[in-house]
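What follows is one structure encoded as structure tokens, with my remarks underneath.
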Amino acid sequence: MISPMQCRAARGLLDWSQQQLADRSKVGIVTIRQLEAGVHEPRRSTLQVVRFAFEAAGVEFIEENGGGPGVRLRKPVR
């Protein structure tokens, strides 16, 4: 659903700290640190709220398509 690398990359695109992501996702900072470190398999519900926070801020997740998973910012709507 969302890899540790995608999480770090998405934060970088938005220039968010781990604390900002934790606040916007309504999860603990330790949860974000563990997710990004790949320490253990996070709960599906945790991945969903983190993904929703990123998507609300304009991040699009690119699924594995032969070139590897990734992230990008959505084009602003005019």
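Numbering starts fresh at 1 for the residues of each chain in the structure tokens, the chains themselves are lettered A, B, ... in the order given, and ligands are numbered from 1 as they appear.
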
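Excluding Gly28 in chain A itself and same-chain residues fewer than 6 positions from it, the residues having an atom within 12 Å of it are Gln18, Gln19, Gln20, Leu21, Ala22, Gln34, Leu35, Thr46, Val49 and Val50 of chain A, counting only C-alpha atoms.
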
Skip Ile62 in chain A itself and residues of its chain fewer than 5 positions away, then list as a compact mmCIF listing (two decimals) with all heavy atoms, in the first residue's frame all residues within 10 Å of it, counting only C-alpha atoms.
# COMPACT_ATOMS: atom_id res chain seq x y z
N ILE A 2 1.84 1.34 0.89
CA ILE A 2 2.78 2.46 0.93
C ILE A 2 4.07 1.93 1.58
O ILE A 2 4.03 1.35 2.64
CB ILE A 2 2.21 3.69 1.67
CG1 ILE A 2 3.27 4.78 1.79
CG2 ILE A 2 1.66 3.33 3.00
CD1 ILE A 2 2.76 6.06 2.44
N GLN A 6 8.48 5.34 -0.04
CA GLN A 6 7.44 6.24 -0.54
C GLN A 6 7.04 7.24 0.54
O GLN A 6 6.80 8.40 0.24
CB GLN A 6 6.20 5.46 -0.99
CG GLN A 6 6.37 4.77 -2.32
CD GLN A 6 5.16 3.95 -2.67
OE1 GLN A 6 4.76 3.06 -1.91
NE2 GLN A 6 4.57 4.22 -3.82
N GLY A 67 8.79 -0.02 -13.27
CA GLY A 67 9.81 0.99 -13.01
C GLY A 67 10.00 1.25 -11.53
O GLY A 67 10.80 2.07 -11.13
N GLY A 68 9.22 0.56 -10.71
CA GLY A 68 9.31 0.74 -9.26
C GLY A 68 8.23 1.69 -8.75
O GLY A 68 7.75 2.54 -9.48
N PRO A 69 7.85 1.53 -7.49
CA PRO A 69 6.84 2.41 -6.91
C PRO A 69 7.43 3.80 -6.69
O PRO A 69 8.65 3.97 -6.59
CB PRO A 69 6.51 1.74 -5.58
CG PRO A 69 7.72 0.96 -5.23
CD PRO A 69 8.34 0.55 -6.54
N GLY A 70 6.56 4.80 -6.62
CA GLY A 70 7.04 6.16 -6.42
C GLY A 70 5.95 7.08 -5.93
O GLY A 70 4.84 6.64 -5.58
N VAL A 71 6.25 8.37 -5.90
CA VAL A 71 5.31 9.41 -5.51
C VAL A 71 5.52 10.63 -6.39
O VAL A 71 6.60 10.81 -6.97
CB VAL A 71 5.47 9.82 -4.02
CG1 VAL A 71 5.11 8.70 -3.09
CG2 VAL A 71 6.85 10.34 -3.73
N ARG A 72 4.49 11.44 -6.50
CA ARG A 72 4.60 12.72 -7.20
C ARG A 72 3.53 13.66 -6.66
O ARG A 72 2.58 13.22 -6.01
CB ARG A 72 4.43 12.53 -8.70
CG ARG A 72 3.05 12.08 -9.11
CD ARG A 72 2.93 11.96 -10.60
NE ARG A 72 1.67 11.30 -10.92
CZ ARG A 72 1.48 10.57 -11.99
NH1 ARG A 72 2.43 10.40 -12.87
NH2 ARG A 72 0.32 10.00 -12.21

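Counting only C-alpha atoms and comparing A:Ser25, A:Asn65, A:Pro76, A:Met5, the residue that lies closest to Gln48 in chain A is A:Ser25.
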
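CA of Val59 in chain A sits 11.9 Å away from CA of Asp15 in chain A.
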
Atomic distance CA of Cys7 in chain A - CA of Lys75 in chain A, expressed in Å with one decimal: 19.3 Å

CA of Gly38 in chain A to CA of Arg74 in chain A, distance in Å rounded to a single decimal: 26.0 Å

Per-residue DSSP, chain A, filtered to strand (DSSP E or B), as a ChimeraX atom specification: /A:59-62,70-73

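For the residues A:Glu41, A:Ser17, A:Glu55, A:Ala10, ranking by smallest atom-to-atom distance to Ile29 in chain A using only C-alpha atoms places A:Ser17 first.
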
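With distances restricted to only C-alpha atoms, A:Met1 is the closest residue to Arg44 in chain A from A:Val27, A:Ala9, A:Ile32, A:Met1.
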